[in-house]
Structure formats: structure tokens, C-alpha cells
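Here's run-v6.cif, which has mmCIF, C-alpha atoms:
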data_model
loop_
_atom_site.group_PDB
_atom_site.id
_atom_site.type_symbol
_atom_site.label_atom_id
_atom_site.label_comp_id
_atom_site.auth_asym_id
_atom_site.auth_seq_id
_atom_site.Cartn_x
_atom_site.Cartn_y
_atom_site.Cartn_z
ATOM 1 C CA MET I 235 -17.498 4.491 11.274
ATOM 2 C CA SER I 236 -17.988 0.744 11.546
ATOM 3 C CA GLY I 237 -15.508 -1.805 10.245
ATOM 4 C CA ASP I 238 -18.114 -3.148 7.811
ATOM 5 C CA ARG I 239 -18.667 0.276 6.262
ATOM 6 C CA ARG I 240 -14.936 0.823 5.941
ATOM 7 C CA ALA I 241 -14.577 -2.588 4.337
ATOM 8 C CA GLY I 242 -17.211 -1.811 1.765
ATOM 9 C CA ARG I 243 -15.653 1.537 1.061
ATOM 10 C CA GLY I 244 -12.187 0.097 0.523
ATOM 11 C CA ARG I 245 -13.354 -2.621 -1.837
ATOM 12 C CA THR I 246 -15.718 -0.313 -3.722
ATOM 13 C CA VAL I 247 -13.201 2.452 -4.267
ATOM 14 C CA GLY I 248 -10.542 -0.008 -5.388
ATOM 15 C CA LEU I 249 -12.879 -1.698 -7.833
ATOM 16 C CA VAL I 250 -14.220 1.551 -9.272
ATOM 17 C CA VAL I 251 -10.796 2.982 -9.975
ATOM 18 C CA LEU I 252 -9.456 -0.301 -11.280
ATOM 19 C CA GLY I 253 -12.530 -0.685 -13.458
ATOM 20 C CA ILE I 254 -11.666 2.560 -15.205
ATOM 21 C CA VAL I 255 -8.208 1.241 -15.975
ATOM 22 C CA LEU I 256 -9.024 -2.352 -16.883
ATOM 23 C CA ALA I 257 -12.636 -1.845 -17.999
ATOM 24 C CA VAL I 258 -13.907 -5.205 -16.828
ATOM 25 C CA LEU I 259 -12.846 -5.498 -13.217
ATOM 26 C CA ALA I 260 -16.429 -5.865 -12.034
ATOM 27 C CA VAL I 261 -15.977 -9.645 -12.137
ATOM 28 C CA ALA I 262 -13.697 -9.487 -9.084
ATOM 29 C CA PRO I 263 -12.147 -11.455 -7.552
ATOM 30 C CA GLY I 264 -10.961 -12.071 -11.086
ATOM 31 C CA LEU I 265 -11.722 -15.715 -11.651
ATOM 32 C CA VAL I 266 -12.076 -16.191 -15.384
ATOM 33 C CA GLY I 267 -10.078 -18.194 -17.873
ATOM 34 C CA GLY I 268 -8.198 -21.453 -17.434
ATOM 35 C CA ASP I 269 -5.170 -22.496 -15.445
ATOM 36 C CA PRO I 270 -1.751 -21.067 -16.357
ATOM 37 C CA ASP I 271 1.065 -23.313 -17.508
ATOM 38 C CA PRO I 272 2.900 -25.246 -14.776
ATOM 39 C CA GLY I 273 5.416 -23.066 -12.941
ATOM 40 C CA VAL I 274 5.939 -21.914 -9.359
ATOM 41 C CA GLY I 275 3.506 -23.572 -6.955
ATOM 42 C CA MET I 276 1.564 -22.250 -3.973
ATOM 43 C CA GLU I 277 4.242 -23.397 -1.526
ATOM 44 C CA ASP I 278 6.727 -20.952 -3.072
ATOM 45 C CA GLN I 279 4.327 -17.982 -3.287
ATOM 46 C CA GLY I 280 3.992 -17.054 0.365
ATOM 47 C CA VAL I 281 3.157 -13.877 2.236
ATOM 48 C CA GLY I 282 5.243 -10.954 0.985
ATOM 49 C CA THR I 283 5.777 -12.218 -2.554
ATOM 50 C CA CYS I 284 4.870 -9.848 -5.385
ATOM 51 C CA HIS I 285 3.336 -10.750 -8.736
ATOM 52 C CA ASP I 286 2.961 -9.311 -12.196
ATOM 53 C CA TYR I 287 0.516 -10.428 -14.875
ATOM 54 C CA PRO I 288 1.571 -9.202 -18.321
ATOM 55 C CA THR I 289 -1.484 -10.678 -20.024
ATOM 56 C CA VAL I 290 -5.206 -10.354 -19.379
ATOM 57 C CA GLU I 291 -5.491 -14.167 -19.295
ATOM 58 C CA GLU I 292 -3.002 -14.392 -16.438
ATOM 59 C CA TYR I 293 -4.695 -11.596 -14.536
ATOM 60 C CA TYR I 294 -8.087 -13.295 -14.659
ATOM 61 C CA SER I 295 -6.891 -16.879 -14.212
ATOM 62 C CA PRO I 296 -8.190 -18.551 -11.018
ATOM 63 C CA SER I 297 -4.638 -19.716 -10.267
ATOM 64 C CA ASP I 298 -1.160 -18.249 -10.627
ATOM 65 C CA THR I 299 2.085 -20.134 -11.171
ATOM 66 C CA ARG I 300 4.109 -17.327 -12.757
ATOM 67 C CA PRO I 301 7.351 -16.857 -10.780
ATOM 68 C CA PRO I 302 7.096 -14.002 -8.267
ATOM 69 C CA VAL I 303 8.988 -10.793 -8.991
ATOM 70 C CA PRO I 304 11.008 -8.715 -6.516
ATOM 71 C CA CYS I 305 8.682 -6.199 -4.892
ATOM 72 C CA THR I 306 11.146 -3.481 -5.892
ATOM 73 C CA GLU I 307 10.238 -4.166 -9.537
ATOM 74 C CA PRO I 308 6.937 -3.152 -11.203
ATOM 75 C CA HIS I 309 4.109 -5.478 -10.184
ATOM 76 C CA LEU I 310 0.349 -5.705 -9.834
ATOM 77 C CA ALA I 311 -0.254 -7.719 -6.666
ATOM 78 C CA GLU I 312 1.285 -8.732 -3.344
ATOM 79 C CA THR I 313 0.350 -11.788 -1.306
ATOM 80 C CA ILE I 314 -0.830 -10.750 2.162
ATOM 81 C CA ALA I 315 -2.150 -14.099 3.427
ATOM 82 C CA VAL I 316 -2.164 -17.821 2.570
ATOM 83 C CA ARG I 317 -4.926 -19.810 4.249
ATOM 84 C CA GLU I 318 -6.623 -23.204 4.256
ATOM 85 C CA LEU I 319 -9.793 -23.544 2.216
ATOM 86 C CA PRO I 320 -13.017 -24.352 4.133
ATOM 87 C CA ALA I 321 -13.302 -28.018 5.079
ATOM 88 C CA ASP I 322 -16.342 -28.652 2.884
ATOM 89 C CA VAL I 323 -14.376 -27.418 -0.131
ATOM 90 C CA ALA I 324 -11.036 -28.984 0.778
ATOM 91 C CA SER I 325 -12.642 -32.419 1.169
ATOM 92 C CA ARG I 326 -13.498 -32.623 -2.526
ATOM 93 C CA ASP I 327 -11.404 -34.886 -4.728
ATOM 94 C CA GLN I 328 -11.634 -32.500 -7.666
ATOM 95 C CA ARG I 329 -11.060 -28.770 -7.670
ATOM 96 C CA PRO I 330 -14.321 -26.772 -7.856
ATOM 97 C CA SER I 331 -15.472 -25.600 -11.256
ATOM 98 C CA LEU I 332 -14.714 -22.111 -12.489
ATOM 99 C CA GLU I 333 -18.276 -21.031 -11.702
ATOM 100 C CA ALA I 334 -18.037 -22.496 -8.188
ATOM 101 C CA MET I 335 -14.749 -20.676 -7.563
ATOM 102 C CA GLN I 336 -16.309 -17.431 -8.745
ATOM 103 C CA ARG I 337 -19.052 -17.870 -6.154
ATOM 104 C CA LEU I 338 -16.658 -19.021 -3.433
ATOM 105 C CA GLY I 339 -14.016 -16.302 -3.838
ATOM 106 C CA PRO I 340 -15.858 -13.381 -2.171
ATOM 107 C CA SER I 341 -16.785 -15.511 0.862
ATOM 108 C CA LEU I 342 -13.211 -16.537 1.689
ATOM 109 C CA ASP I 343 -11.200 -14.907 4.466
ATOM 110 C CA CYS I 344 -9.434 -12.322 2.303
ATOM 111 C CA SER I 345 -10.785 -8.997 3.443
ATOM 112 C CA TYR I 346 -10.381 -5.365 4.396
ATOM 113 C CA ALA I 347 -9.136 -6.478 7.819
ATOM 114 C CA ASP I 348 -6.244 -8.335 6.178
ATOM 115 C CA VAL I 349 -5.297 -5.212 4.238
ATOM 116 C CA VAL I 350 -5.468 -3.062 7.402
ATOM 117 C CA ALA I 351 -3.159 -5.441 9.265
ATOM 118 C CA TYR I 352 -0.701 -5.718 6.380
ATOM 119 C CA LEU I 353 -0.525 -2.014 5.498
ATOM 120 C CA GLY I 354 -0.687 -0.726 9.083
ATOM 121 C CA SER I 355 -3.664 1.556 8.507
ATOM 122 C CA ASP I 356 -6.199 2.540 11.178
ATOM 123 C CA ASP I 357 -9.123 4.881 11.819
ATOM 124 C CA GLU I 358 -6.886 7.961 11.989
ATOM 125 C CA ASN I 359 -4.686 6.891 9.065
ATOM 126 C CA PRO I 360 -7.078 5.283 6.577
ATOM 127 C CA HIS I 361 -6.061 3.587 3.342
ATOM 128 C CA TRP I 362 -8.000 3.620 0.077
ATOM 129 C CA PHE I 363 -7.366 2.333 -3.449
ATOM 130 C CA VAL I 364 -6.518 -1.200 -2.293
ATOM 131 C CA THR I 365 -8.645 -4.279 -2.844
ATOM 132 C CA THR I 366 -8.142 -8.043 -2.662
ATOM 133 C CA GLN I 367 -8.104 -10.980 -5.048
ATOM 134 C CA VAL I 368 -8.145 -14.736 -4.407
ATOM 135 C CA ARG I 369 -5.943 -17.329 -6.145
ATOM 136 C CA PHE I 370 -6.766 -21.054 -5.950
ATOM 137 C CA PRO I 371 -4.517 -24.106 -6.410
ATOM 138 C CA THR I 372 -4.163 -25.300 -9.991
ATOM 139 C CA GLU I 373 -5.876 -28.542 -10.972
ATOM 140 C CA GLN I 374 -2.536 -30.338 -10.724
ATOM 141 C CA GLU I 375 -1.801 -28.871 -7.295
ATOM 142 C CA TRP I 376 -5.273 -29.916 -6.174
ATOM 143 C CA ALA I 377 -4.621 -33.462 -7.370
ATOM 144 C CA ASP I 378 -1.353 -33.387 -5.395
ATOM 145 C CA GLY I 379 -3.173 -32.412 -2.198
ATOM 146 C CA GLU I 380 -2.816 -28.615 -2.070
ATOM 147 C CA ARG I 381 -5.840 -27.078 -0.317
ATOM 148 C CA ARG I 382 -4.792 -23.512 0.416
ATOM 149 C CA PHE I 383 -5.753 -20.261 -1.259
ATOM 150 C CA ARG I 384 -3.759 -17.072 -1.710
ATOM 151 C CA CYS I 385 -5.072 -13.643 -0.676
ATOM 152 C CA ASP I 386 -3.476 -10.909 -2.768
ATOM 153 C CA ALA I 387 -3.745 -7.136 -2.407
ATOM 154 C CA PHE I 388 -3.485 -4.820 -5.365
ATOM 155 C CA THR I 389 -3.805 -1.076 -5.829
ATOM 156 C CA ALA I 390 -5.015 1.407 -8.390
ATOM 157 C CA VAL I 391 -1.676 3.180 -8.757
ATOM 158 C CA THR I 392 -0.935 3.349 -12.469
ATOM 159 C CA THR I 393 1.991 3.954 -14.750
ATOM 160 C CA GLY I 394 -0.185 6.337 -16.736
ATOM 161 C CA ILE I 395 -0.011 3.949 -19.699
ATOM 162 C CA ASP I 396 -2.321 0.982 -19.523
ATOM 163 C CA ARG I 397 -2.707 -0.862 -16.214
ATOM 164 C CA PRO I 398 -2.399 -0.568 -12.440
ATOM 165 C CA ILE I 399 1.136 -1.131 -11.268
ATOM 166 C CA ARG I 400 3.359 -0.260 -8.328
ATOM 167 C CA ARG I 401 6.877 -0.604 -6.979
ATOM 168 C CA GLY I 402 7.730 -1.446 -3.389
ATOM 169 C CA SER I 403 6.053 -3.630 -0.788
ATOM 170 C CA LEU I 404 2.727 -2.788 0.862
ATOM 171 C CA ARG I 405 3.858 -4.378 4.138
ATOM 172 C CA ASP I 406 3.711 -1.622 6.823
ATOM 173 C CA VAL I 407 3.607 0.944 4.018
ATOM 174 C CA MET I 408 1.595 3.399 6.140
ATOM 175 C CA GLU I 409 4.762 4.067 8.134
ATOM 176 C CA ARG I 410 6.598 5.273 5.039
ATOM 177 C CA PRO I 411 6.265 8.309 2.745
ATOM 178 C CA GLU I 412 5.306 6.089 -0.197
ATOM 179 C CA SER I 413 2.020 5.415 1.605
ATOM 180 C CA ALA I 414 0.849 8.562 -0.197
ATOM 181 C CA ALA I 415 -0.106 6.258 -3.074
ATOM 182 C CA VAL I 416 -2.746 4.525 -0.905
ATOM 183 C CA ARG I 417 -3.833 7.436 1.299
ATOM 184 C CA PRO I 418 -6.989 9.373 0.356
ATOM 185 C CA CYS I 419 -6.727 13.063 -0.504
ATOM 186 C CA LEU I 420 -9.097 15.537 -2.130
ATOM 187 C CA ALA I 421 -8.531 17.534 -5.295
ATOM 188 C CA GLY I 422 -11.570 19.770 -5.061
ATOM 189 C CA PRO I 423 -14.480 17.353 -4.504
ATOM 190 C CA GLU I 424 -12.667 14.322 -6.008
ATOM 191 C CA ILE I 425 -10.925 11.642 -3.941
ATOM 192 C CA VAL I 426 -7.419 10.987 -5.314
ATOM 193 C CA PRO I 427 -4.278 9.266 -4.025
ATOM 194 C CA CYS I 428 -2.137 11.667 -2.003
ATOM 195 C CA SER I 429 0.697 10.979 -4.443
ATOM 196 C CA ARG I 430 -1.195 13.192 -6.903
ATOM 197 C CA PRO I 431 -1.738 16.980 -6.618
ATOM 198 C CA HIS I 432 -4.365 17.774 -3.987
ATOM 199 C CA ASP I 433 -5.600 20.497 -1.682
ATOM 200 C CA SER I 434 -6.655 18.358 1.309
ATOM 201 C CA GLU I 435 -5.688 15.095 3.011
ATOM 202 C CA VAL I 436 -8.418 12.923 4.527
ATOM 203 C CA VAL I 437 -7.995 12.351 8.266
ATOM 204 C CA GLY I 438 -10.015 9.861 10.286
ATOM 205 C CA GLY I 439 -13.602 8.970 9.651
ATOM 206 C CA GLU I 440 -16.581 10.204 7.715
ATOM 207 C CA ALA I 441 -18.478 13.215 9.064
ATOM 208 C CA PRO I 442 -21.981 12.707 10.495
ATOM 209 C CA PRO I 443 -25.030 14.115 8.698
ATOM 210 C CA ALA I 444 -26.007 17.762 9.224
ATOM 211 C CA GLY I 445 -27.080 18.604 12.757
ATOM 212 C CA PRO I 446 -25.587 18.910 16.259
ATOM 213 C CA GLU I 447 -23.311 15.887 15.804
ATOM 214 C CA ARG I 448 -21.933 17.357 12.576
ATOM 215 C CA THR I 449 -21.251 20.670 14.335
ATOM 216 C CA ARG I 450 -19.439 18.911 17.195
ATOM 217 C CA PHE I 451 -17.466 16.850 14.698
ATOM 218 C CA ALA I 452 -16.368 19.967 12.794
ATOM 219 C CA GLU I 453 -15.555 22.095 15.836
ATOM 220 C CA ARG I 454 -13.930 19.547 18.135
ATOM 221 C CA VAL I 455 -13.429 16.029 16.817
ATOM 222 C CA CYS I 456 -11.928 16.971 13.452
ATOM 223 C CA PRO I 457 -9.418 19.583 14.728
ATOM 224 C CA GLU I 458 -8.174 17.172 17.392
ATOM 225 C CA ALA I 459 -7.819 14.386 14.823
ATOM 226 C CA VAL I 460 -5.938 16.647 12.422
ATOM 227 C CA ALA I 461 -3.561 17.828 15.162
ATOM 228 C CA ALA I 462 -2.716 14.224 16.060
ATOM 229 C CA PHE I 463 -2.429 13.247 12.384
ATOM 230 C CA LEU I 464 -0.016 16.063 11.511
ATOM 231 C CA GLY I 465 2.097 16.252 14.668
ATOM 232 C CA ASP I 466 4.602 19.072 14.222
ATOM 233 C CA GLU I 467 4.257 19.070 10.432
ATOM 234 C CA GLY I 468 0.907 20.822 10.161
ATOM 235 C CA GLU I 469 1.535 24.506 10.729
ATOM 236 C CA ASP I 470 0.573 25.285 7.111
ATOM 237 C CA LEU I 471 -2.609 23.171 7.126
ATOM 238 C CA VAL I 472 -5.957 23.688 8.838
ATOM 239 C CA ALA I 473 -8.746 21.309 9.884
ATOM 240 C CA ALA I 474 -11.992 21.380 7.927
ATOM 241 C CA VAL I 475 -14.907 19.189 6.881
ATOM 242 C CA HIS I 476 -15.061 18.868 3.096
ATOM 243 C CA ASP I 477 -17.775 17.374 0.908
ATOM 244 C CA THR I 478 -16.873 14.924 -1.862
ATOM 245 C CA ALA I 479 -18.309 14.328 -5.299
ATOM 246 C CA GLY I 480 -20.129 11.279 -3.945
ATOM 247 C CA GLY I 481 -22.177 13.283 -1.463
ATOM 248 C CA ARG I 482 -20.112 12.277 1.570
ATOM 249 C CA ALA I 483 -18.061 14.482 3.896
ATOM 250 C CA PHE I 484 -14.738 13.854 5.625
ATOM 251 C CA CYS I 485 -12.463 15.506 8.134
ATOM 252 C CA VAL I 486 -9.448 16.827 6.241
ATOM 253 C CA ALA I 487 -6.216 18.731 6.722
ATOM 254 C CA THR I 488 -6.491 21.398 4.042
ATOM 255 C CA ILE I 489 -4.341 24.145 2.577
ATOM 256 C CA ARG I 490 -5.185 27.788 3.169
ATOM 257 C CA SER I 491 -6.798 29.667 0.311
ATOM 258 C CA GLY I 492 -4.238 30.630 -2.321
ATOM 259 C CA ASP I 493 -1.563 28.157 -1.191
ATOM 260 C CA PRO I 494 -0.054 25.846 -3.847
ATOM 261 C CA LEU I 495 -1.371 22.299 -4.214
ATOM 262 C CA LEU I 496 0.305 19.519 -2.284
ATOM 263 C CA GLU I 497 1.793 16.158 -3.271
ATOM 264 C CA GLY I 498 2.612 13.365 -0.847
ATOM 265 C CA THR I 499 1.365 12.862 2.706
ATOM 266 C CA HIS I 500 1.756 15.025 5.803
ATOM 267 C CA ALA I 501 0.895 12.160 8.163
ATOM 268 C CA VAL I 502 3.253 12.003 11.125
ATOM 269 C CA GLN I 503 2.841 8.207 10.975
ATOM 270 C CA ALA I 504 4.597 8.272 7.588
ATOM 271 C CA GLY I 505 7.334 10.662 8.650
ATOM 272 C CA GLY I 506 5.567 13.947 7.972
ATOM 273 C CA ALA I 507 5.581 16.010 4.775
ATOM 274 C CA SER I 508 6.705 13.868 1.832
ATOM 275 C CA SER I 509 6.053 16.166 -1.106
#

Show how you would write the structure in this file as C-alpha cells.
Amino acid sequence: MSGDRRAGRGRTVGLVVLGIVLAVLAVAPGLVGGDPDPGVGMEDQGVGTCHDYPTVEEYYSPSDTRPPVPCTEPHLAETIAVRELPADVASRDQRPSLEAMQRLGPSLDCSYADVVAYLGSDDENPHWFVTTQVRFPTEQEWADGERRFRCDAFTAVTTGIDRPIRRGSLRDVMERPESAAVRPCLAGPEIVPCSRPHDSEVVGGEAPPAGPERTRFAERVCPEAVAAFLGDEGEDLVAAVHDTAGGRAFCVATIRSGDPLLEGTHAVQAGGASS
């Protein structure tokens, strides 16, 4: 599967799930409303800082000056990159208008590739349920010469009450059991985080359409991928190609008929079974 297709998938899945929770997330990257009150500036909100937005206004503001929170506490977002704005934008004396920032946000270098590098995911250990959001300097910061933007990652893990939220850092999370919250699993035909009950864990890429390539994928490619994915932890799971509710098919490590549902990830990358 190409990087572009994976990028689209990651952003789309994140936005769909988040849209269910927040209802209006389709305006991503979330640039509505005015600036927040003066607080902590861009220079003190670097890579690895975590952020919570108790109000809708703060969530959709184009800028963020709320003090960061420890990543061990509940939060919505984590900064994964801080970069310079394009020269044609940075050269302006005044910060772009809200409408201009809405148009500019999706074109900035804050992408699926950044999430892959930060989380430690790859083709064999894919992540889902994570998307990105851009934060611009406030008007005052712009007047003071700040010309960087913040690239934040946020997930669709929820408290079960009202909004997406998580605990713990996303940095290199794929190497830890808590990566189950951002790994894709199947509960029947539905894609769910592996932290929830499931019968299969997605391994590697999407299956080809029906035909000889699909047969080869199912009989050779998928079993080899599952064996590498599980290491010594997979004696109770078998390789299969499962269809999803969206009409797509993936290589999965699945339970045998009649076995209890799973929770957590069996990925050897994350330390094996974490249920």
C-alpha cells in the first residue's frame, strides 16, 4: 500500500471517529474562533508537550497558549513537531486571517509521516485513530516575530463520557503495550482500537482485490506477516484475510472459532500479549 493511501486512511479514520464524539470535527484542522487569552507561548510548547482543551472554544482556536499538562494526566493532544511557516506567509507583517489559516492549515508539513515517525509505526505495525491539528502563533506572538507553527497529534480514545482523551505520551508508543489504543483490530466487520474487545488484530497492509494476487496474499504473504508480527506470542492465533464493514479486506491475526474475545495487542513490537 502506498504512503499516500495510508496517509489518507489515517486522517480519514481519525476524523470519522472524532466526528462521532465531537460532532463537528469536519472543519479540521480545527481553526475556528478567536485567540485565547495570553499565556504560555510557542517557545514553551515544544515537541513532547501535551495539551488539554476543556472548552470547545479552546479546542477550535487557531492558537493555543494554555499551559501544557503532564502527559501522564488526561489530555487531548501532543505536540509532535514545531516548524517554520512557509516564507511567503512568514514575510507578512500581520498574521493571516482566520479564513486564510483555515485554507493554509492542511497544506502545512504536519502529516501522516510525522505521526509514523513519532509513534514508531510501520507497514507491519500500522497505527489508526490518530490525526493531526495545526496551531498558529497568536496575533501578539506574530507581532513579536514568532513565525512557527505547532503540529499536534490527537487520538480518538475516549473516556466514555464526552470527548476524546488519553493518558501517556504517544512518543514511541508502538513499542509499548498501551499502543493497543492506536492499533487497528476487528470486532466482527468493524475496525476498533485493540484496547477494546475484538476477535482479530490487523497486521500489515490491505489485501488486493479478488484474483491470483489475493490468493497469494492469503496463502503466503499474510501468514508470513502474522508470524513476524506475533513472534512467539501467537500460538493461539491464526492468519486470515477478513473483510471490513467498509468493503476493504486486511490481513489479520484472528482467534479460533469459539475462543473468547481479546483485549490489548499481541504485537511482538509492543512486548507481546497485553490483554

(request) Could you give me, as an MDAnalysis selection string, the residues within 10 Å of segment 491-507 of chain I, counting all atoms listed in the file and dropping anything in the same chain fewer than 4 positions from it? (result) chainID I and resid 354:355 358:359 406:419 421 427:437 460:468 470:471 487

(request) Could you state which residues are captured by the PyMOL selection byres ((chain I and resi 478) around 9) in this file, as a PyMOL selection string? (result) chain I and resi 420+422-425+476-477+479-484

Exercise on segment 491-498 of chain I, axis-aligned box with 3 Å per side, report centre and edge lengths in Å to one decimal, as JSON:
{"center_x": -2.1, "center_y": 22.0, "center_z": -2.0, "size_x": 15.4, "size_y": 23.3, "size_z": 10.5}

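Closest approach to Arg405 of chain I from the set I:Ala387, I:Gln279, I:Val290, I:Pro296 is made by I:Ala387, with distances taken over only C-alpha atoms.
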
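Nearest to Arg400 of chain I of all the residues I:Thr299, I:Val274, I:Glu312, I:Glu375 is I:Glu312, counting all atoms listed in the file.
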
(request) Grab the atom CA of Arg401 of chain I to atom CA of Thr366 of chain I distance for me, in Å with one decimal place. (result)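 Between atom CA of Arg401 of chain I and atom CA of Thr366 of chain I the gap is 17.3 Å.
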
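For the atom pair formed by atom CA of Gly280 of chain I and atom CA of Ile314 of chain I, the distance is 8.1 Å, given to one decimal.
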
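Remark: for Gln328 of chain I, the closest of the candidate residues I:Val316, I:Val281, I:Val349, I:Ala377 is I:Ala377 (distances computed over all atoms listed in the file).
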
(request) Would you mind listing what lies within 12 Å of segment 301-304 of chain I as a PyMOL selection string, with only C-alpha atoms counted and same-chain residues fewer than 6 positions away left out? (result) chain I and resi 270-287+310-313+400-403

Keeping only C-alpha atoms, take the residues you just selected and write them out as a compact mmCIF listing (two decimals), in the coordinates of the input.
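Result saved to again.txt:
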# COMPACT_ATOMS: atom_id res chain seq x y z
CA PRO I 270 -1.75 -21.07 -16.36
CA ASP I 271 1.06 -23.31 -17.51
CA PRO I 272 2.90 -25.25 -14.78
CA GLY I 273 5.42 -23.07 -12.94
CA VAL I 274 5.94 -21.91 -9.36
CA GLY I 275 3.51 -23.57 -6.96
CA MET I 276 1.56 -22.25 -3.97
CA GLU I 277 4.24 -23.40 -1.53
CA ASP I 278 6.73 -20.95 -3.07
CA GLN I 279 4.33 -17.98 -3.29
CA GLY I 280 3.99 -17.05 0.36
CA VAL I 281 3.16 -13.88 2.24
CA GLY I 282 5.24 -10.95 0.98
CA THR I 283 5.78 -12.22 -2.55
CA CYS I 284 4.87 -9.85 -5.38
CA HIS I 285 3.34 -10.75 -8.74
CA ASP I 286 2.96 -9.31 -12.20
CA TYR I 287 0.52 -10.43 -14.88
CA LEU I 310 0.35 -5.70 -9.83
CA ALA I 311 -0.25 -7.72 -6.67
CA GLU I 312 1.28 -8.73 -3.34
CA THR I 313 0.35 -11.79 -1.31
CA ARG I 400 3.36 -0.26 -8.33
CA ARG I 401 6.88 -0.60 -6.98
CA GLY I 402 7.73 -1.45 -3.39
CA SER I 403 6.05 -3.63 -0.79

(message) Using all atoms listed in the file for the distances, tell me which of I:Ser297, I:Val472, I:Val368, I:Phe388 is nearest to Ile489 of chain I.
(response)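 The closest residue to Ile489 of chain I is I:Val472.
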
(request) For each of I:Glu292, I:Glu447, I:Asp343, I:Asp298, take the minimum atom-to-atom distance to Arg369 of chain I, counting all atoms listed in the file, then give the residue where this is smallest. (result)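 Counting all atoms listed in the file, the residue closest to Arg369 of chain I is I:Asp298.
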
I need every residue sitting at most 7 Å from the point (-15.1, 12.0, 10.7) (coordinates as in the file, all atoms listed in the file considered), written as a PDB file with C-alpha atoms, in the coordinates of the input.
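Contents of the output file selection_37.pdb:
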ATOM      1  CA  GLY I 438     -10.015   9.861  10.286  1.00  0.00           C
ATOM      2  CA  GLY I 439     -13.602   8.970   9.651  1.00  0.00           C
ATOM      3  CA  GLU I 440     -16.581  10.204   7.715  1.00  0.00           C
ATOM      4  CA  ALA I 441     -18.478  13.215   9.064  1.00  0.00           C
ATOM      5  CA  PRO I 442     -21.981  12.707  10.495  1.00  0.00           C
ATOM      6  CA  PHE I 451     -17.466  16.850  14.698  1.00  0.00           C
ATOM      7  CA  CYS I 456     -11.928  16.971  13.452  1.00  0.00           C
ATOM      8  CA  PHE I 484     -14.738  13.854   5.625  1.00  0.00           C
ATOM      9  CA  CYS I 485     -12.463  15.506   8.134  1.00  0.00           C
TER      10      CYS I 485
END

(request) Write out as a list in words which residues come within 12 Å of Asp322 of chain I when counting all atoms listed in the file, dropping same-chain ones fewer than 5 positions away. (result)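 The residues that qualify are Asp327, Arg329, Pro330, Leu338 and Arg381 of chain I.
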
(request) For atom CA of Phe383 of chain I and atom CA of Trp362 of chain I, quote the distance in Å rounded to one decimal. (result)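 The value is 24.0 Å.
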
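For the set I:Val486, I:Leu332, I:Ala315, I:Ala444, the residue with the smallest atom-to-atom gap to Cys344 of chain I is I:Ala315, counting only C-alpha atoms.
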